[in-house]
There are 2 protein chains.
Amino acid sequence: METTVRKRRPVNAEQECCPAALATPLAETRATALASDFAVLADPVRLRLLSLIASAPDGEACVCELVEPLGRSQPTVSHHLKILAEAGLIEGEKRGRWVWYRPVARRLAELRRALD
Amino acid sequence: METTVRKRRPVNAEQECCPAALATPLAETRATALASDFAVLADPVRLRLLSLIASAPDGEACVCELVEPLGRSQPTVSHHLKILAEAGLIEGEKRGRWVWYRPVARRLAELRRALD
DNA sequence: TCCATAGATAGACTGGTGTCTATTCATCAG
DNA sequence: CTGATGAATAGACACCAGTCTATCTATGGA
């Protein structure tokens with residue numbers, strides 16, 4: 001598994017990747033992009049999905065493990081996973097009949113930085 | 001102005017105020033609350049309002065200064081300010097005919113922490 | 001080859017949200 | 001007291017987003 005040594009970044013990666021968004025007036029385009037990212041997080045099901053995936057044993061979880069604890073239908077869960085993936089907050093990998101999702105730490109750090 | 005010495009907190013206030021939300025499976029109630037907070041940030045006008053207020057000379061701005069740069073009607077701006085204030089992300093103070101808004105840093109830090 | 005199963009897609013329905021105009025409320029100047 | 005102005009509220013409208021059921025696609029076992 002190459003999850004941890006993906007690209008070899010220094011510890012202060014967040015400092016170089018993206019500016020603190022609130023320290024200076026946001027341009028409309030950047031505000032729109034940021035808002036789209038936060039909109040992805042603005043749903044309890046997706047937040048729980050993220051937390052379930054991030055806290056899974058190997059840092060990844062298959063869809064079959066996610067449907068039941070969420071209490072939503074399988075298509076609904078699939079729908080939310082797609083939204084998270086399109087936002088780059090998770091990424092999926094198909095292995096056999098199962099798809100395994102894992103969080104994209106860099107993107108989460110990016111959003112965290114935006115609130116500085 | 002008592003903005004800076006509001007309650008006297010140590011520097012590591014974020015460590016004690018709220019757990020990292022993604023490190024453990026989120027309970028439904030907490031997920032719902034967090035989602036509501038992110039929903040407030042999921043709008044470009046509100047993000048620009050936050051950035052305008054946070055980057056204003058004295059860390060505060062009156063409504064009259066915000067309407068024009070946003071290109072939205074005064075009631076629309078007022079509407080968004082209300083949403084930000086109800087979420088506790090900003091707070092307003094009426095002085096004379098004007099209302100001055102400033103960011104609530106503690107709340108922003110809280111949300112930042114939630115993405116750990 | 002055929003069936004069972006994991007997951008994605010399609011389409012419909014409903015509730016919520018951003019925006020506006022019109023109006024009201026509050027504060028100060030004269 | 002009265003008029004002007006900064007800000008909030010009310011109500012209407014259009015659009016988007018979350019959920020479901022039904023269906024389709026793909027993979028592996030027998």
# chains A, B, ... in the order shown; residues from 1 in each chain; ligands from 1
>>> interface_residues(of="chain A", to="chain C", cutoff="9 Å", atoms="only C-alpha atoms (C1' of nucleotides)", output="list of chain:residue names")
A:Val63, A:Cys64, A:Gln74, A:Pro75, A:Ser78, A:His79, A:Arg97, A:Trp98, A:Val99
>>> residues_around(residues="Ile90 of chain B", least_positions_apart="6", cutoff="7 Å", atoms="only C-alpha atoms (C1' of nucleotides)", output="PyMOL selection string")
chain B and resi 84+101-104
>>> interface_residues(of="chain D", to="chain B", cutoff="8 Å", atoms="only C-alpha atoms (C1' of nucleotides)", output="mmCIF file with N, CA and C atoms (P, O5', C5', C4', C3', O3' and C1' of nucleotides), in the first residue's frame")
data_model
loop_
_atom_site.group_PDB
_atom_site.id
_atom_site.type_symbol
_atom_site.label_atom_id
_atom_site.label_comp_id
_atom_site.auth_asym_id
_atom_site.auth_seq_id
_atom_site.Cartn_x
_atom_site.Cartn_y
_atom_site.Cartn_z
ATOM 1 P P DG D 6 -26.945 55.763 4.442
ATOM 2 O "O5'" DG D 6 -26.687 54.581 5.475
ATOM 3 C "C5'" DG D 6 -26.295 54.884 6.804
ATOM 4 C "C4'" DG D 6 -26.658 53.722 7.701
ATOM 5 C "C3'" DG D 6 -26.377 52.345 7.110
ATOM 6 O "O3'" DG D 6 -25.791 51.525 8.106
ATOM 7 C "C1'" DG D 6 -28.674 52.520 7.657
ATOM 8 P P DA D 7 -25.275 50.046 7.754
ATOM 9 O "O5'" DA D 7 -26.555 49.165 8.080
ATOM 10 C "C5'" DA D 7 -26.998 49.087 9.431
ATOM 11 C "C4'" DA D 7 -28.281 48.316 9.524
ATOM 12 C "C3'" DA D 7 -28.264 46.907 8.932
ATOM 13 O "O3'" DA D 7 -28.408 45.979 9.999
ATOM 14 C "C1'" DA D 7 -30.271 48.060 8.397
ATOM 15 P P DA D 8 -28.570 44.389 9.736
ATOM 16 O "O5'" DA D 8 -30.139 44.124 9.907
ATOM 17 C "C5'" DA D 8 -30.781 44.566 11.082
ATOM 18 C "C4'" DA D 8 -32.269 44.266 11.016
ATOM 19 C "C3'" DA D 8 -32.611 42.823 10.672
ATOM 20 O "O3'" DA D 8 -33.634 42.364 11.540
ATOM 21 C "C1'" DA D 8 -33.665 44.285 9.138
#
>>> closest_atom_pairs(of="chain A", to="chain B", cutoff="9 Å", atoms="only C-alpha atoms", output="JSON lines")
{"residue": "A:Ala21", "atom": "CA", "partner": "B:Ser51", "partner_atom": "CA", "distance": 7.1}
{"residue": "A:Leu22", "atom": "CA", "partner": "B:Ser51", "partner_atom": "CA", "distance": 4.3}
{"residue": "A:Ala23", "atom": "CA", "partner": "B:Ser55", "partner_atom": "CA", "distance": 5.4}
{"residue": "A:Thr24", "atom": "CA", "partner": "B:Ser55", "partner_atom": "CA", "distance": 5.3}
{"residue": "A:Pro25", "atom": "CA", "partner": "B:Ser51", "partner_atom": "CA", "distance": 4.9}
{"residue": "A:Leu26", "atom": "CA", "partner": "B:Arg48", "partner_atom": "CA", "distance": 5.4}
{"residue": "A:Ala27", "atom": "CA", "partner": "B:Arg48", "partner_atom": "CA", "distance": 7.5}
{"residue": "A:Glu28", "atom": "CA", "partner": "B:Pro44", "partner_atom": "CA", "distance": 7.1}
{"residue": "A:Thr29", "atom": "CA", "partner": "B:Pro44", "partner_atom": "CA", "distance": 8.5}
{"residue": "A:Arg30", "atom": "CA", "partner": "B:Pro44", "partner_atom": "CA", "distance": 8.3}
{"residue": "A:Ala31", "atom": "CA", "partner": "B:Pro44", "partner_atom": "CA", "distance": 4.7}
{"residue": "A:Thr32", "atom": "CA", "partner": "B:Pro44", "partner_atom": "CA", "distance": 4.8}
{"residue": "A:Ala33", "atom": "CA", "partner": "B:Pro44", "partner_atom": "CA", "distance": 7.9}
{"residue": "A:Leu34", "atom": "CA", "partner": "B:Pro44", "partner_atom": "CA", "distance": 7.4}
{"residue": "A:Ala35", "atom": "CA", "partner": "B:Ala42", "partner_atom": "CA", "distance": 4.2}
{"residue": "A:Ser36", "atom": "CA", "partner": "B:Ala42", "partner_atom": "CA", "distance": 6.3}
{"residue": "A:Asp37", "atom": "CA", "partner": "B:Ala42", "partner_atom": "CA", "distance": 7.3}
{"residue": "A:Phe38", "atom": "CA", "partner": "B:Ala42", "partner_atom": "CA", "distance": 4.8}
{"residue": "A:Ala39", "atom": "CA", "partner": "B:Ala42", "partner_atom": "CA", "distance": 4.6}
{"residue": "A:Val40", "atom": "CA", "partner": "B:Ala42", "partner_atom": "CA", "distance": 8.2}
{"residue": "A:Leu41", "atom": "CA", "partner": "B:Phe38", "partner_atom": "CA", "distance": 6.1}
{"residue": "A:Ala42", "atom": "CA", "partner": "B:Ala35", "partner_atom": "CA", "distance": 4.2}
{"residue": "A:Asp43", "atom": "CA", "partner": "B:Ala35", "partner_atom": "CA", "distance": 4.9}
{"residue": "A:Pro44", "atom": "CA", "partner": "B:Ala31", "partner_atom": "CA", "distance": 4.7}
{"residue": "A:Val45", "atom": "CA", "partner": "B:Ala31", "partner_atom": "CA", "distance": 7.5}
{"residue": "A:Arg46", "atom": "CA", "partner": "B:Ala31", "partner_atom": "CA", "distance": 8.8}
{"residue": "A:Leu47", "atom": "CA", "partner": "B:Ala31", "partner_atom": "CA", "distance": 6.1}
{"residue": "A:Arg48", "atom": "CA", "partner": "B:Leu26", "partner_atom": "CA", "distance": 5.4}
{"residue": "A:Leu49", "atom": "CA", "partner": "B:Pro25", "partner_atom": "CA", "distance": 8.3}
{"residue": "A:Leu50", "atom": "CA", "partner": "B:Leu22", "partner_atom": "CA", "distance": 6.6}
{"residue": "A:Ser51", "atom": "CA", "partner": "B:Leu22", "partner_atom": "CA", "distance": 4.3}
{"residue": "A:Leu52", "atom": "CA", "partner": "B:Pro25", "partner_atom": "CA", "distance": 5.0}
{"residue": "A:Ile53", "atom": "CA", "partner": "B:Pro25", "partner_atom": "CA", "distance": 8.4}
{"residue": "A:Ala54", "atom": "CA", "partner": "B:Ala23", "partner_atom": "CA", "distance": 6.3}
{"residue": "A:Ser55", "atom": "CA", "partner": "B:Thr24", "partner_atom": "CA", "distance": 5.3}
{"residue": "A:Ala56", "atom": "CA", "partner": "B:Thr24", "partner_atom": "CA", "distance": 8.6}
{"residue": "A:Leu70", "atom": "CA", "partner": "B:Glu28", "partner_atom": "CA", "distance": 8.8}
{"residue": "A:Ala105", "atom": "CA", "partner": "B:Asp116", "partner_atom": "CA", "distance": 8.9}
{"residue": "A:Leu108", "atom": "CA", "partner": "B:Leu115", "partner_atom": "CA", "distance": 6.4}
{"residue": "A:Ala109", "atom": "CA", "partner": "B:Leu115", "partner_atom": "CA", "distance": 7.5}
{"residue": "A:Leu111", "atom": "CA", "partner": "B:Leu115", "partner_atom": "CA", "distance": 8.0}
{"residue": "A:Arg112", "atom": "CA", "partner": "B:Arg112", "partner_atom": "CA", "distance": 4.9}
{"residue": "A:Arg113", "atom": "CA", "partner": "B:Arg112", "partner_atom": "CA", "distance": 7.5}
{"residue": "A:Ala114", "atom": "CA", "partner": "B:Arg112", "partner_atom": "CA", "distance": 8.5}
{"residue": "A:Leu115", "atom": "CA", "partner": "B:Arg112", "partner_atom": "CA", "distance": 6.3}
{"residue": "A:Asp116", "atom": "CA", "partner": "B:Leu108", "partner_atom": "CA", "distance": 7.7}
>>> select_by_dssp(residues="chain B", states="strand (DSSP E)", output="ChimeraX atom specification")
/B:61-62,90-95,98-103
>>> write_last_selection(atoms="N, CA and C atoms", output="PDB file, in the first residue's frame")
ATOM      1  N   ALA B  61     -16.214  45.528  10.169  1.00  0.00           N
ATOM      2  CA  ALA B  61     -16.710  46.307   9.037  1.00  0.00           C
ATOM      3  C   ALA B  61     -18.188  46.569   9.230  1.00  0.00           C
ATOM      4  N   CYS B  62     -18.650  47.719   8.769  1.00  0.00           N
ATOM      5  CA  CYS B  62     -20.078  48.000   8.849  1.00  0.00           C
ATOM      6  C   CYS B  62     -20.740  47.563   7.548  1.00  0.00           C
ATOM      7  N   ILE B  90     -19.724  35.243  13.058  1.00  0.00           N
ATOM      8  CA  ILE B  90     -19.464  36.666  13.219  1.00  0.00           C
ATOM      9  C   ILE B  90     -20.382  37.183  14.316  1.00  0.00           C
ATOM     10  N   GLU B  91     -20.064  38.372  14.816  1.00  0.00           N
ATOM     11  CA  GLU B  91     -21.007  39.009  15.735  1.00  0.00           C
ATOM     12  C   GLU B  91     -21.070  40.482  15.415  1.00  0.00           C
ATOM     13  N   GLY B  92     -22.276  41.035  15.579  1.00  0.00           N
ATOM     14  CA  GLY B  92     -22.510  42.413  15.214  1.00  0.00           C
ATOM     15  C   GLY B  92     -22.752  43.282  16.430  1.00  0.00           C
ATOM     16  N   GLU B  93     -22.417  44.547  16.265  1.00  0.00           N
ATOM     17  CA  GLU B  93     -22.640  45.496  17.356  1.00  0.00           C
ATOM     18  C   GLU B  93     -23.169  46.782  16.755  1.00  0.00           C
ATOM     19  N   LYS B  94     -24.257  47.251  17.266  1.00  0.00           N
ATOM     20  CA  LYS B  94     -24.859  48.463  16.721  1.00  0.00           C
ATOM     21  C   LYS B  94     -24.230  49.684  17.392  1.00  0.00           C
ATOM     22  N   ARG B  95     -23.739  50.574  16.561  1.00  0.00           N
ATOM     23  CA  ARG B  95     -23.175  51.826  17.074  1.00  0.00           C
ATOM     24  C   ARG B  95     -23.767  52.952  16.247  1.00  0.00           C
ATOM     25  N   TRP B  98     -25.129  52.614  12.490  1.00  0.00           N
ATOM     26  CA  TRP B  98     -24.414  51.546  11.787  1.00  0.00           C
ATOM     27  C   TRP B  98     -24.274  50.293  12.644  1.00  0.00           C
ATOM     28  N   VAL B  99     -24.173  49.181  11.983  1.00  0.00           N
ATOM     29  CA  VAL B  99     -23.902  47.923  12.673  1.00  0.00           C
ATOM     30  C   VAL B  99     -22.543  47.419  12.214  1.00  0.00           C
ATOM     31  N   TRP B 100     -21.695  47.120  13.182  1.00  0.00           N
ATOM     32  CA  TRP B 100     -20.343  46.653  12.867  1.00  0.00           C
ATOM     33  C   TRP B 100     -20.218  45.179  13.161  1.00  0.00           C
ATOM     34  N   TYR B 101     -19.677  44.468  12.204  1.00  0.00           N
ATOM     35  CA  TYR B 101     -19.509  43.012  12.355  1.00  0.00           C
ATOM     36  C   TYR B 101     -18.033  42.660  12.451  1.00  0.00           C
ATOM     37  N   ARG B 102     -17.740  41.659  13.279  1.00  0.00           N
ATOM     38  CA  ARG B 102     -16.363  41.136  13.355  1.00  0.00           C
ATOM     39  C   ARG B 102     -16.418  39.612  13.448  1.00  0.00           C
ATOM     40  N   PRO B 103     -15.372  38.950  12.991  1.00  0.00           N
ATOM     41  CA  PRO B 103     -15.347  37.487  12.998  1.00  0.00           C
ATOM     42  C   PRO B 103     -15.176  36.941  14.416  1.00  0.00           C
TER      43      PRO B 103
END
>>> select_by_dssp(residues="segment 3-112 of chain B", states="alpha helix (DSSP H)", output="MDAnalysis selection string")
chainID B and resid 13:17 28:41 44:54 63:70 74:86 105:112
>>> write_last_selection(atoms="C-alpha atoms", output="compact mmCIF listing (two decimals), in the first residue's frame")
# COMPACT_ATOMS: atom_id res chain seq x y z
CA ALA B 13 -7.32 26.93 22.79
CA GLU B 14 -8.17 24.85 19.74
CA GLN B 15 -6.77 21.74 21.35
CA GLU B 16 -9.19 21.87 24.21
CA CYS B 17 -12.30 23.14 22.53
CA GLU B 28 -25.50 11.41 13.74
CA THR B 29 -26.29 14.39 15.94
CA ARG B 30 -22.75 15.75 15.78
CA ALA B 31 -22.61 15.16 12.05
CA THR B 32 -25.80 17.13 11.63
CA ALA B 33 -24.46 20.03 13.68
CA LEU B 34 -21.17 20.08 11.80
CA ALA B 35 -22.98 19.91 8.48
CA SER B 36 -25.03 22.95 9.45
CA ASP B 37 -21.85 24.87 10.15
CA PHE B 38 -20.31 23.93 6.84
CA ALA B 39 -23.54 24.81 5.08
CA VAL B 40 -23.07 28.35 6.31
CA LEU B 41 -19.67 28.41 4.61
CA PRO B 44 -19.58 32.41 -2.08
CA VAL B 45 -21.26 35.58 -0.83
CA ARG B 46 -20.85 34.52 2.80
CA LEU B 47 -17.24 33.51 2.27
CA ARG B 48 -16.52 36.87 0.71
CA LEU B 49 -18.34 38.60 3.56
CA LEU B 50 -16.18 36.72 6.07
CA SER B 51 -13.00 37.58 4.22
CA LEU B 52 -14.00 41.22 3.85
CA ILE B 53 -14.79 41.52 7.54
CA ALA B 54 -11.71 39.61 8.68
CA VAL B 63 -22.76 46.76 6.50
CA CYS B 64 -22.57 49.89 4.41
CA GLU B 65 -19.03 48.99 3.43
CA LEU B 66 -19.98 45.48 2.38
CA VAL B 67 -22.91 45.94 0.04
CA GLU B 68 -21.12 47.56 -2.85
CA PRO B 69 -18.07 45.25 -3.21
CA LEU B 70 -20.34 42.19 -3.14
CA GLN B 74 -28.62 45.39 0.72
CA PRO B 75 -31.33 42.97 1.94
CA THR B 76 -29.41 40.05 0.46
CA VAL B 77 -26.25 41.09 2.27
CA SER B 78 -28.22 41.58 5.46
CA HIS B 79 -29.69 38.12 5.03
CA HIS B 80 -26.27 36.51 4.74
CA LEU B 81 -24.89 38.44 7.68
CA LYS B 82 -27.75 37.13 9.76
CA ILE B 83 -26.96 33.55 8.79
CA LEU B 84 -23.29 34.03 9.62
CA ALA B 85 -24.19 35.62 12.95
CA GLU B 86 -26.70 32.92 13.90
CA ALA B 105 -12.04 33.42 15.67
CA ARG B 106 -12.82 30.69 18.16
CA ARG B 107 -15.64 29.33 16.03
CA LEU B 108 -13.55 29.34 12.89
CA ALA B 109 -10.82 27.45 14.70
CA GLU B 110 -13.41 24.96 15.86
CA LEU B 111 -14.41 24.19 12.29
CA ARG B 112 -10.79 23.99 11.20
